[in-house]
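Here is the structure we will look at, set down as structure tokens.
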Amino acid sequence: MILTIFKENPVLKIVIADDHPLLLRGLKYSLLSEEDIEILGEASDGAAALSMIKEFAPDLAILDYDMPNYNGLQVLENIRKEKISTKIIFLTMHQDLEVFKKAVSLGANGFLLKDSIDSEILKAIRVVEKGGKYFDPMLAGNLIDEKIVDNPTDSVFDKLTKTEITVLKFVADNKTSHDIAEQLFISERTVDRHRSNICKKLEISGNNALMHFIIENRELLK
């Protein structure tokens, strides 16, 4: 169903999709409370969501992972093939690490458990809007132990300086370079240089390299 809701001076154009009507309705009204968000459409299955994204090229799409006629990952795969730059936040009921890893590898910008939508969805949108990644704190908790990131003992972390370890922790906490710069009172360029140095020292490369590293080394980080 196409539902375009216009607001004065909208900034962020969004498509939402979920096959649970009550959740979809609640999500819609949560977003309508934000003055700078415009909902271009809502869908109850993956095919309809994909069609809307192709037609409207929204800034952001919020997609249920489990939908009929294309799940969320299949929608993401299709829009990446089409070179559509829409950012994607996934919603799911399950803490499935393999699904999470696949979503990250395809370039998902956020991943939320449905139990956390009320408290986390607007946080996720604002982080993603600024170019960051936002992953549900409950999922992040399964991937990384913050105390060990604070005080790493494994040799893989011996290559990093204290500042680089701090930056790595912020990345694991879904912080953007802008956020990290404000926290450490340094420039965004310096943060980006730290991130680049971390990748070189850990011998990792590619999009979302640091988040991939955190995911792949979750056992080491426990």
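In the structure tokens, the first chain shown is A, the next is B, and so on; residue numbers restart at 1 for each chain, and ligands run from 1 in the order shown.
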- request: Using backbone DSSP assignments, extract all alpha helix (DSSP H) residues from chain A; output them as a VMD selection string.
  value: chain A and resid 21 to 32 46 to 56 72 to 81 97 to 105 117 to 129 137 to 143 146 to 150 155 to 158 162 to 172 177 to 184 188 to 202 209 to 216 218 to 221
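Residues lying within 7 Å of Val15 (chain A), counting only C-alpha atoms and ignoring same-chain neighbours fewer than 3 positions away, are Ile39, Leu40, Gly41, Glu42, Pro58, Leu60, Ala61 and Ile62 of chain A.
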Save the residues we just selected, N, CA and C atoms, as a PDB file, in the first residue's frame?
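Generated output (out07.pdb):
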```
ATOM      1  N   ILE A  39       7.223   9.737   5.573  1.00  0.00           N
ATOM      2  CA  ILE A  39       7.004   8.341   5.204  1.00  0.00           C
ATOM      3  C   ILE A  39       6.455   8.296   3.784  1.00  0.00           C
ATOM      4  N   LEU A  40       7.240   7.726   2.878  1.00  0.00           N
ATOM      5  CA  LEU A  40       6.825   7.652   1.481  1.00  0.00           C
ATOM      6  C   LEU A  40       5.879   6.485   1.233  1.00  0.00           C
ATOM      7  N   GLY A  41       6.003   5.430   1.994  1.00  0.00           N
ATOM      8  CA  GLY A  41       5.136   4.278   1.784  1.00  0.00           C
ATOM      9  C   GLY A  41       5.359   3.203   2.812  1.00  0.00           C
ATOM     10  N   GLU A  42       4.401   2.287   2.895  1.00  0.00           N
ATOM     11  CA  GLU A  42       4.522   1.146   3.803  1.00  0.00           C
ATOM     12  C   GLU A  42       4.128  -0.116   3.047  1.00  0.00           C
ATOM     13  N   PRO A  58      14.151   6.062  -1.485  1.00  0.00           N
ATOM     14  CA  PRO A  58      14.131   6.806  -0.215  1.00  0.00           C
ATOM     15  C   PRO A  58      15.520   6.884   0.406  1.00  0.00           C
ATOM     16  N   LEU A  60      16.080   6.088   3.465  1.00  0.00           N
ATOM     17  CA  LEU A  60      16.176   4.975   4.406  1.00  0.00           C
ATOM     18  C   LEU A  60      14.978   4.052   4.245  1.00  0.00           C
ATOM     19  N   ALA A  61      15.214   2.750   4.356  1.00  0.00           N
ATOM     20  CA  ALA A  61      14.134   1.772   4.419  1.00  0.00           C
ATOM     21  C   ALA A  61      14.296   0.942   5.689  1.00  0.00           C
ATOM     22  N   ILE A  62      13.198   0.777   6.411  1.00  0.00           N
ATOM     23  CA  ILE A  62      13.194  -0.047   7.616  1.00  0.00           C
ATOM     24  C   ILE A  62      12.448  -1.321   7.267  1.00  0.00           C
TER      25      ILE A  62
END
```
message: Considering only strand (DSSP E or B) as DSSP defines it on the backbone, what residues of chain A qualify? List them as an MDAnalysis selection string.
response: chainID A and resid 12:17 37:43 60:64 87:92 110:113 134:135
query: Of the residues A:Lys114, A:Arg195, A:Lys200, A:Arg189, which is the one nearest to Gln95 (chain A), using only C-alpha atoms?
result: A:Lys114
Contacts of region 120-135 of chain A within 6 Å, only C-alpha atoms, excl. fewer than 4 positions in-chain, as a CSV table (one decimal) with N, CA and C atoms, in the first residue's frame:
```csv
chain,number,residue,atom,x,y,z
A,109,ASN,N,22.8,-1.0,7.3
A,109,ASN,CA,23.3,0.1,8.1
A,109,ASN,C,22.8,0.0,9.5
A,110,GLY,N,21.8,-0.9,9.8
A,110,GLY,CA,21.4,-1.1,11.2
A,110,GLY,C,20.6,-2.4,11.3
A,111,PHE,N,20.6,-2.9,12.5
A,111,PHE,CA,19.9,-4.2,12.8
A,111,PHE,C,19.3,-4.1,14.2
A,116,SER,N,13.2,-4.3,20.9
A,116,SER,CA,13.9,-3.0,21.3
A,116,SER,C,13.4,-1.8,20.5
A,174,ASN,N,28.7,1.4,17.9
A,174,ASN,CA,27.9,2.1,16.8
A,174,ASN,C,28.1,3.6,16.7
A,176,THR,N,29.6,7.0,15.2
A,176,THR,CA,30.2,7.5,14.0
A,176,THR,C,31.5,8.2,14.3
```
field: Nearest to Tyr29 (chain A) by atom-to-atom distance, counting only C-alpha atoms, from A:Ile16, A:His194, A:Lys175, A:Leu50
entry: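 Of all the options, A:Ile16 lies closest to Tyr29 (chain A).
The closest residue to Ala172 (chain A), picked from A:Ile89, A:Val11, A:Leu210, A:Cys199 and counting only C-alpha atoms, is A:Leu210.
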- prompt: So, counting only C-alpha atoms, which residue among A:Ile14, A:Ile204, A:Leu73, A:Ile84 is closest to Leu32 (chain A)?
  reply: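 Among the listed residues, A:Ile14 lies closest to Leu32 (chain A).
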- prompt: Using only C-alpha atoms, which of the listed residues (A:Ser105, A:Thr163, A:Ser44, A:Ser177) sits closest to Val191 (chain A)?
  reply: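 When distances to Val191 (chain A) are compared using only C-alpha atoms, the smallest one comes from A:Ser177.
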d(CA of Lys169 (chain A), CA of Asp96 (chain A)) in Å: 22.5 Å
